[in-house]
Every structure is written in C-alpha cells, then in structure tokens.
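Visitor: Quick one: this structure, given as structure tokens, is what I'll be asking you about.
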Number of protein chains: 2
Amino acid sequence: MSERPNTNQPRIDSQAFIARAREVLGAEAVLADPASCANYERDSLGRSGRALAVLLPASTAQTVEAMKLCAAFNVAVVPQAGNTGLVGASTPDESARQVVLSVRRMDLMEGVDVLNRSVSVGAGVRMSRLQPHLIEAGMWFPFEIAADPCVGGMIASNTGGSHLTRYGDVRASVLGIEAVLADGTVVDSLKALRKDNTGFDCKQLFIGSGGTLGVITRAVLAVHPKPMTRVSALLVPRSHDALPALLQRLEARYGELLTTFEGMSGEAIRHAYNTFAHLHRLFGDAQIPHYAVLVELASSCEFYAESLAADVHASLARLVDESLAATALTADPDEYWKLRDAIPLSLMKARQVLSLDVSFPRSRLVSFRAAVGEFLRTQHPQAVLADFGHFADGGDHLTVVIPDHCATRYPPLMMLRLRGQLYDLVAAHGGSYSAEHGIGPLNESVYRRHSPPVTQRLHGAIKQMLDPTRRLGRGRFA
Amino acid sequence: MSERPNTNQPRIDSQAFIARAREVLGAEAVLADPASCANYERDSLGRSGRALAVLLPASTAQTVEAMKLCAAFNVAVVPQAGNTGLVGASTPDESARQVVLSVRRMDLMEGVDVLNRSVSVGAGVRMSRLQPHLIEAGMWFPFEIAADPCVGGMIASNTGGSHLTRYGDVRASVLGIEAVLADGTVVDSLKALRKDNTGFDCKQLFIGSGGTLGVITRAVLAVHPKPMTRVSALLVPRSHDALPALLQRLEARYGELLTTFEGMSGEAIRHAYNTFAHLHRLFGDAQIPHYAVLVELASSCEFYAESLAADVHASLARLVDESLAATALTADPDEYWKLRDAIPLSLMKARQVLSLDVSFPRSRLVSFRAAVGEFLRTQHPQAVLADFGHFADGGDHLTVVIPDHCATRYPPLMMLRLRGQLYDLVAAHGGSYSAEHGIGPLNESVYRRHSPPVTQRLHGAIKQMLDPTRRLGRGRFA
C-alpha cells in the first residue's frame with residue numbers, strides 16, 4: 001500500500017538464477033512456473049504479488065545455500081512460513097524480482113522432552129501437526145488460532161492468541177532459535193534452557209521481526225501440560241463499565257486458571273449472526289446484548305481439576321446475583337467459541353471495513369472504547385463499531401464497519417482518513433497500533449507516523465547490522 | 001581477572017571533568033573524594049577498583065547530561081544500580097579513569113496500576129522499597145533474593161531467583177524500559193502494554209546487557225497478586241535418580257502452584273551447619289541426607305487457597321509411602337528457607353572455593369551431576385561437591401570446595417584449571433556457563449571459550465551499534 005518501491009533492486013538474469021538454484025538445491029526445491037508459484041504469491045487477505053521464483057530448501061544447509069545464491073545474484077528474499085499473516089509481510093511485491101523462500105519443507109519434529117517441557121522443531125511445522133505430536137506426550141503448545149500457521153511464522157510475528165493472558169506471547173515460549181542471515185551466516189541459539197545469561201540475547205531480535213532480519217529455520221519451544229479441565233462461559237456484563245470488576249473478580253478467585261477473557265461487542269455478534277445463518281442463536285429471543293465476554297478457565301493439575309467446573313458455575317451465579325453480570329451462560333461451551341471464531345470471519349466479508357489490531361493498558365480499555373464510540377457518533381454517525389478482542393491482555397480488534405447503504409460516502413480516501421483518525425485516538429490513549437499482527441507493508445505508514453523517531457532509527461540500525469544489503473523481507477525495514 | 005586493559009582510554013583531565021560535572025549536575029551529584037567513592041568502587045565479592053568520579057544523576061534529563069559530558073571528555077562509564085552483582089560488572093577497574101554512573105537517586109515510584117497489574121518505577125528503586133509499595137496494593141514482584149538489588153540492575157542482569165519456575169526471569173516481567181545511550185540518546189520504550197508488535201523489540205537488548213549498551217533509567221514492571229497461601233516443605237529424595245519423578249509428581253498435581261523446587265546437596269547443607277552454629281539442625285540426630293529439596297507451593301487465588309496446605313501435606317506423605325521420598329518435613333517452613341539462604345553465605349566463607357552458576361535442560365541435570373561427581377572422585381578426590389540450585393529451572397550453583405587441609409595442592413593455577421575442566425563438562429552436557437549472573441570481567445574468559453564465534457561476532461556488532469566508542473560497562477563488550 002504505502003511501501004516504497006525498492007529501487008535498490010537491479011535487473012536480474014532470472015533464467016540464470018533459476019537454473020543455478022536448481023543445480024544447487026535440486027529441481028524439487030525451485031518453483032518458477034506461475035501455477036506452482038501462485039499459492040506462495042497470494043496472502044491470506046487475498047492480495048497477490050509476483051515472485052521471481054519460490055525456493056523450498058529442505059534443511060538449514062540448503063537454506064544457507066539458497067541465501068548465498070540470492071546474495072550472489074543480489075536478489076531480494078521474502079521468507080514465508082504458513083503464509084497466514086495479516087500485514088502482507090510474507091508475500092512478494094509485484095516486481096517479479098523477489099524470491100519467496102518457503103520454510104515449509106523444514107518440518108522435522110524431534111521427540112518431546114517431557115521432563116524439560118520442550119520440543120525442537122523445524123520452522124515449517126504447522127500447528128495442526130505440532131499439537132497432536134505434543135498431545136501424544138501429554139503436552140500442549142498454548143496457542144489456538146483459527147489459521148494454521150507454521151512455527152517459523154509464529155515466531156517471526158510473535159503470535160498472541162486467546163490464551164495470552166495466562167501463557168504469554170510466542171516470545172515467552174521460545175527457548176531457542178536457529179536463523180540464517182542474508183549472507184548465509186547461521187545464528188545458532190538452539191538451546192533448550194530456561195536460564196542462559198551469556199550476553200545480549202540475540203534470538204529476541206528475530207522474534208517479531210516479520211522475516212526482515214533472517215530466516216528462522218528451527219526452534220526449541222517451551223511446552224505445557226495439556227489442560228485436563230476447561231470450563232467456558234458467556235458472560236453479559238451489566239454495563240460496559242462493569243468489565244474491569246468482572247475481570248478482577250475472576251482473577252482474584254482463579255488466578256492463572258483464567259485463560260480467556262474475550263470481549264465481543266453487540267455489533268460484532270450481530271454481524272456474525274447476519275452473516276452465518278447456521279450459527280446457534282445464543283441469546284434466545286432476548287436482544288443481542290451490548291457486549292459479551294467469552295470466559296475460559298482451564299486446569300492442568302490434578303488438584304482442584306474436578307471441583308473447578310462447579311466452582312466456576314457458582315461464581316458466575318454470584319456475579320449475576322450481585323448485578324455485575326446480567327447473564328452467565330454455561331450450557332453450550334462449543335457454541336460460544338463458534339460465535340467468537342465466526343466474528344472475524346464475518347467481519348472480513350463486510351464490503352467496507354476497517355480492522356485495527358490495537359492494545360492498551362487494561363486500565364485504559366474502557367475509557368478508550370467510550371472515546372471511540374463518542375468519536376464515531378459525532379464524526380461518523382453511519383459507521384458501526386463492531387470490535388472484539390482479548391480484553392484481559394488489553395487487546396482490541398478495533399473494527400469499524402461502513403454499512404452498505406452509505407458506502408458511497410466513504411470512498412477510499414475517506415476510509416484512509418478515518419483509519420488515521422482512529423490510530424490517532426489509539427495513540428492518545430497510550431495504545432499500540434499493532435498488538436499482534438506486526439508491521440509489514442500494510443502498517444508501514446502507521447509505523448512512520450506513530451513509532452518514535454529514536455525507535456525507528458534504532459530499528460534501521462538493527463536492520464543495517466543484520467541485513468546490510470537490505471534484501472530480506474517486506475515492509476519498512478526491507 | 002581476564003579483562004584486557006582498555007587501551008582506548010586516553011589520559012583525561014580529571015579535575016576539569018569533575019569541575020564541569022559539578023557545574024552541569026550540581027555538586028551533590030558528583031563524588032570525587034576517595035572516602036565517598038569507596039562504596040561505589042567495591043563490588044559485592046569485595047573486589048575493589050578506583051573510579052575517576054561517581055556521578056549520581058537524579059533524573060533521566062540529568063543522565064542525558066552526564067552521558068553527554070562523559071562523551072565530550074571521552075570518559076568510560078560503568079553504570080551501577082544496587083551493586084549486588086556477582087560478575088564484577090558494576091564497579092570500575094583500577095585505572096581511576098572510569099566514571100561510575102549510579103542510578104540510585106532515580107528512585108521515584110508511581111502508583112500501582114492494579115487493573116493493569118503494572119507499576120512504573122525509577123531504575124534506582126530497591127527491592128526493599130518496591131515490595132512494600134506493591135504489597136500495599138495487594139501486588140507483588142515475584143523475586144525474592146537475599147541481596148537488595150535495584151530495579152535497574154535486576155533488568156541489566158536479567159535476574160532469576162527462586163520463583164523462576166513459575167514467574168519466569170525478569171525479562172518476563174518487564175513491559176517497558178527507558179534507557180540512555182552512550183551519546184545521550186534516550187530510548188523511550190516505556191510502555192505498559194502486554195502486546196505490542198511494532199518492530200524489533202529494542203528493549204530486549206538492554207535486558208541482560210550488564211550495563212554495556214546503555215543506562216536503564218526507568219521501567220514499567222508487570223506485577224502479580226501477592227500469594228495468600230504459601231506452603232513449604234523439605235523433601236529428601238530416596239535417591240538422586242528420584243528427583244525428576246518427584247518434580248513431575250508435584251507439577252502434575254499442582255501445576256503453576258509449584259513456585260520453588262530448590263536442590264541442596266548434603267555437602268552444601270553440611271557446610272552451612274559447620275559455618276553457622278545457630279542454624280536449626282533440621283535432620284535431628286539422623287545423618288545429613290545426600291540431597292534435599294526445598295519445595296514451595298503458593299496460591300494467590302481464593303479458589304483452593306484454603307485446601308492447599310492439607311492437600312500438599314497429604315501428597316508429600318504419599319511420596320514417602322511410595323518410597324520416592326525418604327522424608328518430608330513440613331513443620332518449620334521458616335527454618336527450611338533459613339537453611340537455603342545460609343548455604344551460599346557459608347560457601348562464600350570457604351577459603352578455596354569455585355562457584356559456577358550453570359544451567360541445563362532439566363532432563364540432563366541428573367546425568368550432569370552424576371558426571372561431575374565421577375569426575376571429581378577420579379581427578380580431584382579431595383575436592384568436595386557442595387552444589388545447590390533451582391532444579392526446576394535446570395539451574396545448578398555448581399560449587400566445589402577445596403578443604404583447608406589440602407589447600408596447598410590447589411594453588412591459583414590449579415584452581416583455574418579445575419574451573420576450566422568444570423566448564424568443559426558443563427558444555428558437554430548442553431549447559432550454559434552463566435545461568436543467572438551474566439557476563440562481566442569475572443567470566444570473560446569463559447565467554448571467549450564457550451560462546452559460539454558467530455554469537456560473539458553478533459554481540460560485537462550490537463555493541464558497535466549502540467556504543468560505537470566502546471565506553472560503556474565492564475567485561476567483554478566494554
């Protein structure tokens with residue numbers, strides 16, 4: 001969108017590059033025809049670019065060869081894992097000069113070290129393969145997301161997810177990393193240690209780097225015992241102002257057992273119901289509430305596992321008795337999660353929609369939502385606030401829908417202006433303009449406006465240090 | 001010890017520097033007479049250097065002024081917080097050319113944000129002031145260490161401590177940092193957010209940097225509810241091999257409620273008893289066991305808080321019934337912690353002692369201890385293995401005492417050789433040579449031998465990026 005064309009890229013002898021790549025990596029590791037490349041060129045939002053070629057190294061050694069080859073030909077490289085990201089960071093631009101380097105073939109999993117609670121895996125391992133592998137050993141990687149990302153991409157984008165309040169982000173679960181730099185240097189920090197203070201922790205740079213500093217090839221992940229009891233409920237707060245009290249009451253009683261406290265605005269729920277006819281109508285004939293919270297408590301301990309469900313049900317009843325909550329549903333846990341998962345899917349289908357992934361100190365979330373509501377009412381009365389998000393982490397998927405009947409009043413420039421106004425409001429409330437998704441080409445202009453100049457300079461210096469020829473990744477740092 | 005003299009340092013006009021510092025910072029912020037400086041020149045192990053002067057800025061703005069002044073005079077700066085570190089990183093060398101910059105006067109604490117579970121504090125705030133401030137708000141910073149460090153130093157050395165298995169290291173509790181670079185640039189990453197993926201996470205570089213990249217001036221810390229129930233026990237495993245099973249049994253039953261699983265070798269216990277006559281003899285007339293584990297379970301939740309103690313006592317009894325443990329003491333919790341705290345103090349008083357701070361994957365701890373025992377028996381039969389440490393985090397304070405009666409057989413060179421042999425054994429078992437203490441002049445030679453060359457090059461590049469004139473901190477990177 002706002003990415004500047006990479007004028008550094010000289011014309012490349014594509015045919016010579018592809019031929020040499022096939023010699024070095026083997027024909028099966030080099031895709032060049034449009035049909036084979038297409039899947040690697042289109043991102044999860046449907047935006048497409050054009051790649052010079054797609055390289056699929058099967059090992060770290062092959063990744064080194066691939067990176068050296070790209071360096072020799074001065075070819076830009078866009079690392080790609082599961083290609084499920086939301087900021088356009090894993091697909092090439094339209095120049096047909098960038099190579100996609102997919103890590104998907106690096107998908108070996110070592111045995112789970114149950115005593116150490118860790119596992120060493122290739123960057124190309126998908127969540128859908130990792131979880132069964134872990135569960136067989138009684139373990140679990142505490143990330144459950146609708147998409148099916150690969151480990152390498154989750155690390156490169158520092159994934160959050162709906163259990164962050166208990167388990168932290170991916171950064172908190174990465175013990176070790178192996179990465180290959182643009183010049184083919186292997187950074188080996190593939191340790192299975194929980195304590196290791198032996199100098200600056202280089203692996204931290206790659207976590208959340210969006211593929212702009214190196215290609216992550218392997219990782220050692222910290223894993224957790226699989227929860228044996230999970231209790232979900234749908235809670236309707238008495239009013240929006242009661243949200244903090246509800247959260248604090250549940251945290252006081254259950255501590256870390258509270259794994260999810262996901263807010264859903266009434267408009268987001270309405271949108272999901274209007275879009276998906278099959279969704280169970282949870283609120284019966286009653287009106288859709290102004291706000292609802294999906295709560296989950298989970299235990300992986302023998303102690304208290306049995307008594308948890310009964311205690312949660314009693315606690316929720318008390319919250320209703322005390323009028324902190326208007327309703328507490330507990331009968332259909334699967335349906336609550338289906339509703340939650342349907343919300344982002346339904347909002348993606350809206351014709352005109354702005355989706356901001358923002359976060360705040362928890363103590364400022366309620367006042368921010370009030371402020372954004374007031375702003376829309378006065379400045380954009382047709383716009384509908386249909387947000388949802390991880391309230392307990394301070395997250396808000398700030399979604400604003402322009403109803404079809406007034407779409408003409410919101411041409412692209414107007415949408416851009418509204419987006420800018422929303423981001424300014426986020427900044428004014430001490431928020432982050434990218435809680436979970438990262439930067440990428442999509443957020444580059446926001447980055448330029450809202451990240452402090454010193455931080456941007458420091459980012460530039462880090463980029464210069466690890467990728468001095470500026471050939472890796474997409475977006476601001478590329 | 002093995003630090004190379006910093007030959008970059010030119011002769012400085014000390015008197016001119018001191019006079020100018022007093023003009024810029026005020027007389028109260030500049031110490032130059034030997035008596036006033038002495039406290040800042042001696043580290044917690046008793047090693048002394050000589051400072052050109054001690055600067056005590058009272059604010060970030062004054063720190064900027066101080067750093068610019070040092071830059072103008074080309075003076076090296078050793079940042080210092082609580083000066084409780086164990087690798088000599090916070091005190092000057094003997095050249096009298098380095099300035100100590102103490103952050104102690106930057107000790108403002110903002111109010112605790114209870115809903116966000118965070119607090120913003122100056123780098124000079126000591127733990128002994130932070131904890132009461134938090135406890136007043138029902139909160140707690142999950143680090144309890146015998147020394148009384150300042151927040152800035154804890155971040156610079158990424159402190160671990162005896163609750164790491166549950167709460168992680170300091171890195172896991174730092175939401176935001178403000179730091180001043182060698183040229184006076186302020187890096188402002190002082191956010192109170194749990195999710196913020198807006199580019200490379202620069203603050204991570206300063207965490208564990210040992211003061212070699214910048215002076216940390218402020219931080220936003222994540223805090224936790226104060227535990228309301230704590231149950232401690234002293235467990236004697238049937239044999240050393242039973243340790244993993246004991247740990248796993250407790251983790252299966254109590255999950256994150258297990259906050260401490262601290263191993264103590266029989267020789268470490270014996271040493272504490274021999275050194276401190278007042279210590280309660282926990283094992284009565286029975287022999288000191290070959291190994292003991294201090295276990296703590298803590299809960300900050302209303303749910304199950306009351307039943308925890310009874311359940312723990314029953315569980316421990318079962319472990320004894322099943323012969324996984326020989327004994328489980330629960331009557332004198334304070335005494336167990338006194339013993340644990342007495343061990344490092346007593347070992348520091350040994351005339352000839354090697355203290356290595358190492359860590360392993362938990363799955364390799366037992367075999368490492370067996371290997372080091374075997375090595376000492378065959379190669380150094382007089383040496384006594386008196387280790388202790390955070391078993392659940394894979395940590396081992398690997399302590400080897402040379403009894404006084406054979407001290408003459410262990411002159412300094414022999415001690416150095418033994419130290420090197422131990423570190424080689426650590427590396428051969430996949431361990432880290434510095435789990436918690438970081439790198440400083442004291443373990444610089446170990447860094448050179450055991451950190452991979454690519455990692456060392458990367459560290460050098462990071463140092464070059466943030467401190468190109470190489471004037472900050474002690475040790476390898478300075």
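Residues in the structure tokens are numbered from 1 in each chain, the chains being A, B, ... in the order shown, and ligands are numbered from 1 in the order shown.
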What's the 8 Å shell around Ser299 of chain A, counting only C-alpha atoms, without same-chain residues fewer than 4 positions away, as a ChimeraX atom specification?
Guide: /A:227-230,257,305,308
Visitor: With DSSP run on the backbone, what are the alpha helix (DSSP H) residues within segment 266-468 of chain A? I'd like them as a PyMOL selection string.
Guide: chain A and resi 266-275+305-321+333-348+362-379+412-428+444-450+453-466
Visitor: Just the selected residues (C-alpha atoms), exported as a short mmCIF file (atom, residue, chain, number, x, y, z; two decimals), in the first residue's frame, please.
Guide:
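The result, stored in selection07.cif:
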data_model
loop_
_atom_site.label_atom_id
_atom_site.label_comp_id
_atom_site.auth_asym_id
_atom_site.auth_seq_id
_atom_site.Cartn_x
_atom_site.Cartn_y
_atom_site.Cartn_z
CA GLY A 266 -23.03 -6.47 20.36
CA GLU A 267 -22.47 -5.20 16.82
CA ALA A 268 -19.79 -7.81 16.22
CA ILE A 269 -22.16 -10.53 17.41
CA ARG A 270 -24.97 -9.14 15.25
CA HIS A 271 -22.66 -9.11 12.25
CA ALA A 272 -21.74 -12.76 12.79
CA TYR A 273 -25.40 -13.76 13.11
CA ASN A 274 -26.35 -11.83 9.98
CA THR A 275 -23.53 -13.41 8.01
CA ALA A 305 -9.41 -30.12 38.50
CA GLU A 306 -12.60 -31.92 39.48
CA SER A 307 -14.08 -29.13 41.53
CA LEU A 308 -13.31 -26.38 39.03
CA ALA A 309 -16.46 -26.53 36.90
CA ALA A 310 -18.85 -26.48 39.85
CA ASP A 311 -16.97 -23.64 41.47
CA VAL A 312 -16.97 -21.59 38.26
CA HIS A 313 -20.70 -22.06 37.84
CA ALA A 314 -21.30 -20.94 41.42
CA SER A 315 -19.02 -17.92 40.97
CA LEU A 316 -20.81 -16.84 37.81
CA ALA A 317 -24.16 -17.16 39.52
CA ARG A 318 -22.84 -14.88 42.28
CA LEU A 319 -21.76 -12.28 39.71
CA VAL A 320 -25.32 -12.28 38.36
CA ASP A 321 -26.80 -12.09 41.86
CA PRO A 333 -19.33 -24.02 25.53
CA ASP A 334 -18.65 -25.10 21.94
CA GLU A 335 -21.20 -22.62 20.66
CA TYR A 336 -19.52 -19.74 22.49
CA TRP A 337 -16.24 -20.47 20.75
CA LYS A 338 -18.02 -20.88 17.41
CA LEU A 339 -19.52 -17.43 17.84
CA ARG A 340 -16.13 -15.98 18.76
CA ASP A 341 -14.47 -17.60 15.74
CA ALA A 342 -17.31 -16.52 13.44
CA ILE A 343 -16.88 -12.85 14.30
CA PRO A 344 -13.57 -12.15 12.50
CA LEU A 345 -14.67 -14.33 9.56
CA SER A 346 -17.94 -12.44 9.19
CA LEU A 347 -16.25 -9.05 9.51
CA MET A 348 -13.79 -9.96 6.77
CA ARG A 362 -6.03 -2.76 30.69
CA SER A 363 -6.85 0.23 32.85
CA ARG A 364 -7.44 2.37 29.75
CA LEU A 365 -9.51 -0.03 27.63
CA VAL A 366 -12.92 1.00 28.92
CA SER A 367 -12.23 4.72 28.51
CA PHE A 368 -10.79 4.14 25.05
CA ARG A 369 -13.89 2.26 23.93
CA ALA A 370 -16.06 5.05 25.30
CA ALA A 371 -13.96 7.63 23.46
CA VAL A 372 -14.02 5.79 20.14
CA GLY A 373 -17.79 5.31 20.48
CA GLU A 374 -18.24 9.02 21.10
CA PHE A 375 -15.94 9.93 18.23
CA LEU A 376 -17.87 7.76 15.78
CA ARG A 377 -21.26 9.00 16.99
CA THR A 378 -20.28 12.62 16.42
CA GLN A 379 -17.94 12.41 13.42
CA PRO A 412 -11.04 5.10 -0.34
CA LEU A 413 -9.58 8.43 0.72
CA MET A 414 -12.28 8.89 3.34
CA MET A 415 -11.60 5.38 4.65
CA LEU A 416 -7.89 6.22 4.88
CA ARG A 417 -8.73 9.40 6.77
CA LEU A 418 -10.98 7.54 9.20
CA ARG A 419 -8.25 4.96 9.72
CA GLY A 420 -5.78 7.72 10.53
CA GLN A 421 -8.21 9.30 12.98
CA LEU A 422 -8.70 6.00 14.75
CA TYR A 423 -4.95 5.44 15.07
CA ASP A 424 -4.52 8.95 16.48
CA LEU A 425 -7.17 8.15 19.06
CA VAL A 426 -5.36 4.91 19.92
CA ALA A 427 -2.10 6.80 20.43
CA ALA A 428 -3.84 9.42 22.58
CA GLU A 444 4.14 0.89 7.23
CA SER A 445 2.55 4.33 7.12
CA VAL A 446 1.22 3.91 10.66
CA TYR A 447 4.69 2.88 11.77
CA ARG A 448 6.17 6.04 10.24
CA ARG A 449 3.61 8.23 11.97
CA HIS A 450 3.38 6.60 15.37
CA PRO A 453 11.89 8.64 15.68
CA VAL A 454 14.59 7.22 18.01
CA THR A 455 12.94 3.80 17.83
CA GLN A 456 12.79 3.99 14.04
CA ARG A 457 16.47 4.93 13.93
CA LEU A 458 17.32 2.01 16.19
CA HIS A 459 15.28 -0.35 14.01
CA GLY A 460 17.16 0.95 10.97
CA ALA A 461 20.47 0.29 12.70
CA ILE A 462 19.44 -3.26 13.61
CA LYS A 463 18.37 -3.88 10.02
CA GLN A 464 21.66 -2.46 8.77
CA MET A 465 23.58 -4.70 11.17
CA LEU A 466 21.97 -7.98 10.14
#
Visitor: Hey, what's within 8 Å of Thr260 of chain A if we count only C-alpha atoms and toss same-chain stuff fewer than 2 positions away? As a list in words, please?
Guide: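 The neighbour list is Ser162, His163, Leu164, Thr165, Arg166, Leu258, Glu262, Leu294, Val295, Glu296, Leu297, His390 and Ala392 of chain A.
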Visitor: Using only C-alpha atoms, which residues sit within 8 Å of Met67 of chain A once same-chain residues fewer than 2 positions away are excluded, as a PDB file with C-alpha atoms, in the first residue's frame?
Guide:
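Produced file out_19.pdb, reproduced below:
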ATOM      1  CA  THR A  63      18.796 -22.544   3.370  1.00  0.00           C
ATOM      2  CA  VAL A  64      22.394 -21.373   3.676  1.00  0.00           C
ATOM      3  CA  GLU A  65      22.972 -22.332   0.040  1.00  0.00           C
ATOM      4  CA  LEU A  69      22.835 -17.805  -4.038  1.00  0.00           C
ATOM      5  CA  CYS A  70      20.429 -14.904  -3.560  1.00  0.00           C
ATOM      6  CA  ALA A  71      23.306 -12.812  -2.219  1.00  0.00           C
ATOM      7  CA  VAL A 180      20.098 -17.897   8.639  1.00  0.00           C
ATOM      8  CA  LEU A 181      21.118 -14.328   7.822  1.00  0.00           C
ATOM      9  CA  ALA A 182      21.018 -12.729   4.386  1.00  0.00           C
ATOM     10  CA  ASP A 183      24.682 -13.589   3.765  1.00  0.00           C
ATOM     11  CA  GLY A 184      24.192 -17.237   4.738  1.00  0.00           C
TER      12      GLY A 184
END
Visitor: Near Gln382 of chain B, within 8 Å and counting only C-alpha atoms, which residues show up once chain neighbours fewer than 5 positions away are dropped, as a count of residues only?
Guide: 4
Visitor: What's the 8 Å shell around Val30 of chain A, counting only C-alpha atoms, without same-chain residues fewer than 3 positions away, as a short mmCIF file (atom, residue, chain, number, x, y, z; two decimals) with N, CA, C and O atoms, in the first residue's frame?
Guide:
data_model
loop_
_atom_site.label_atom_id
_atom_site.label_comp_id
_atom_site.auth_asym_id
_atom_site.auth_seq_id
_atom_site.Cartn_x
_atom_site.Cartn_y
_atom_site.Cartn_z
N ILE A 18 17.44 -19.04 -11.80
CA ILE A 18 16.63 -20.25 -11.61
C ILE A 18 17.44 -21.50 -11.96
O ILE A 18 17.41 -22.50 -11.23
N ALA A 21 19.86 -22.09 -9.18
CA ALA A 21 19.15 -22.55 -7.99
C ALA A 21 18.82 -24.03 -8.11
O ALA A 21 18.97 -24.80 -7.15
N ARG A 22 18.41 -24.46 -9.29
CA ARG A 22 18.09 -25.88 -9.48
C ARG A 22 19.33 -26.74 -9.34
O ARG A 22 19.27 -27.85 -8.79
N LEU A 25 20.13 -26.51 -5.33
CA LEU A 25 19.13 -27.01 -4.37
C LEU A 25 18.38 -28.25 -4.87
O LEU A 25 17.68 -28.90 -4.09
N GLY A 26 18.50 -28.55 -6.13
CA GLY A 26 17.70 -29.63 -6.72
C GLY A 26 16.42 -29.06 -7.30
O GLY A 26 15.87 -28.08 -6.77
N ALA A 27 15.94 -29.67 -8.36
CA ALA A 27 14.78 -29.13 -9.09
C ALA A 27 13.54 -29.06 -8.20
O ALA A 27 12.73 -28.13 -8.30
N ALA A 53 10.84 -16.43 -8.20
CA ALA A 53 10.82 -17.89 -8.04
C ALA A 53 10.48 -18.18 -6.59
O ALA A 53 10.51 -17.28 -5.75
N VAL A 54 10.12 -19.41 -6.32
CA VAL A 54 9.90 -19.85 -4.94
C VAL A 54 10.95 -20.91 -4.63
O VAL A 54 11.08 -21.89 -5.38
N LEU A 55 11.70 -20.70 -3.56
CA LEU A 55 12.71 -21.68 -3.14
C LEU A 55 12.17 -22.43 -1.92
O LEU A 55 11.61 -21.82 -1.01
N LEU A 56 12.37 -23.74 -1.93
CA LEU A 56 11.87 -24.58 -0.84
C LEU A 56 12.99 -25.43 -0.26
O LEU A 56 13.01 -26.66 -0.43
#
Visitor: Considering only C-alpha atoms, tabulate each residue of chain A that lies at most 6 Å from chain B along with its nearest interatomic pair and the corresponding distance in Å to one decimal; arrange the rows by chain and ascending residue number and present them as CSV.
Guide:
residue,atom,partner,partner_atom,distance
A:Leu115,CA,B:Ser363,CA,5.5
A:Asn116,CA,B:Arg362,CA,4.8
A:Ala192,CA,B:Pro361,CA,5.7
A:Leu193,CA,B:Pro361,CA,5.4
A:Lys195,CA,B:Ala435,CA,4.9
A:Asp196,CA,B:Ala435,CA,4.4
A:Asn197,CA,B:Gly438,CA,4.7
A:Thr198,CA,B:Gly438,CA,5.6
A:Phe200,CA,B:Ser209,CA,5.5
A:Leu205,CA,B:Phe200,CA,5.9
A:Ser209,CA,B:Phe200,CA,5.5
A:Ala252,CA,B:Cys301,CA,5.5
A:Arg253,CA,B:Glu302,CA,4.6
A:Tyr254,CA,B:Cys301,CA,5.3
A:Gly255,CA,B:Cys301,CA,5.3
A:Cys301,CA,B:Arg253,CA,4.9
A:Glu302,CA,B:Arg253,CA,4.5
A:Phe303,CA,B:Arg253,CA,5.2
A:Phe360,CA,B:Leu193,CA,6.0
A:Pro361,CA,B:Leu193,CA,5.4
A:Arg362,CA,B:Asn116,CA,4.8
A:Ser363,CA,B:Asn116,CA,5.4
A:Ser432,CA,B:Asp196,CA,5.8
A:Ser434,CA,B:Asn197,CA,5.5
A:Ala435,CA,B:Asp196,CA,4.3
A:Glu436,CA,B:Asn197,CA,5.6
A:Gly438,CA,B:Asn197,CA,4.9
A:Ile439,CA,B:Thr198,CA,5.9
Visitor: Could you give me, as number ranges by chain, the residues within 7 Å of Val353 of chain A, counting only C-alpha atoms and dropping anything in the same chain fewer than 4 positions from it?
Guide: A: 399-402
Visitor: Keeping N, CA, C and O atoms, export the residues of the selection given above as a PDB file, in the first residue's frame.
Guide:
ATOM      1  N   THR A 399     -12.775  -2.801  15.086  1.00  0.00           N
ATOM      2  CA  THR A 399     -13.347  -2.980  13.756  1.00  0.00           C
ATOM      3  C   THR A 399     -14.477  -1.978  13.549  1.00  0.00           C
ATOM      4  O   THR A 399     -15.376  -1.881  14.390  1.00  0.00           O
ATOM      5  N   VAL A 400     -14.389  -1.257  12.456  1.00  0.00           N
ATOM      6  CA  VAL A 400     -15.427  -0.280  12.137  1.00  0.00           C
ATOM      7  C   VAL A 400     -16.009  -0.639  10.773  1.00  0.00           C
ATOM      8  O   VAL A 400     -15.282  -0.713   9.780  1.00  0.00           O
ATOM      9  N   VAL A 401     -17.314  -0.906  10.754  1.00  0.00           N
ATOM     10  CA  VAL A 401     -17.990  -1.308   9.514  1.00  0.00           C
ATOM     11  C   VAL A 401     -18.768  -0.114   8.962  1.00  0.00           C
ATOM     12  O   VAL A 401     -19.476   0.574   9.712  1.00  0.00           O
ATOM     13  N   ILE A 402     -18.623   0.121   7.665  1.00  0.00           N
ATOM     14  CA  ILE A 402     -19.455   1.113   6.987  1.00  0.00           C
ATOM     15  C   ILE A 402     -20.600   0.339   6.319  1.00  0.00           C
ATOM     16  O   ILE A 402     -20.350  -0.469   5.424  1.00  0.00           O
TER      17      ILE A 402
END
Visitor: Work out how far apart atom CA of Phe141 of chain B and atom CA of Asn39 of chain B are and give it in Å to one decimal.
Guide: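 So the answer is 27.2 Å.
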Visitor: Using only C-alpha atoms for the distances, tell me which of A:Thr330, A:Gln352, A:His133, A:Ala286 is nearest to Thr408 of chain A.
Guide: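 Once distances to Thr408 of chain A are computed over only C-alpha atoms, the minimum belongs to A:Gln352.
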Visitor: For atom CA of Ile145 of chain B and atom CA of Ala222 of chain A, quote the distance in Å rounded to one decimal.
Guide: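 Between these atoms lies a distance of 25.4 Å.
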Visitor: Kindly give the distance, in Å, that separates atom CA of Arg105 of chain A and atom CA of Ser173 of chain A, rounded to a single decimal.
Guide: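 For atom CA of Arg105 of chain A relative to atom CA of Ser173 of chain A, the distance reads 22.6 Å.
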Visitor: Could you please write out, as a count of residues only, every residue of segment 188-434 of chain B that DSSP assigns to strand (DSSP E)?
Guide: 64
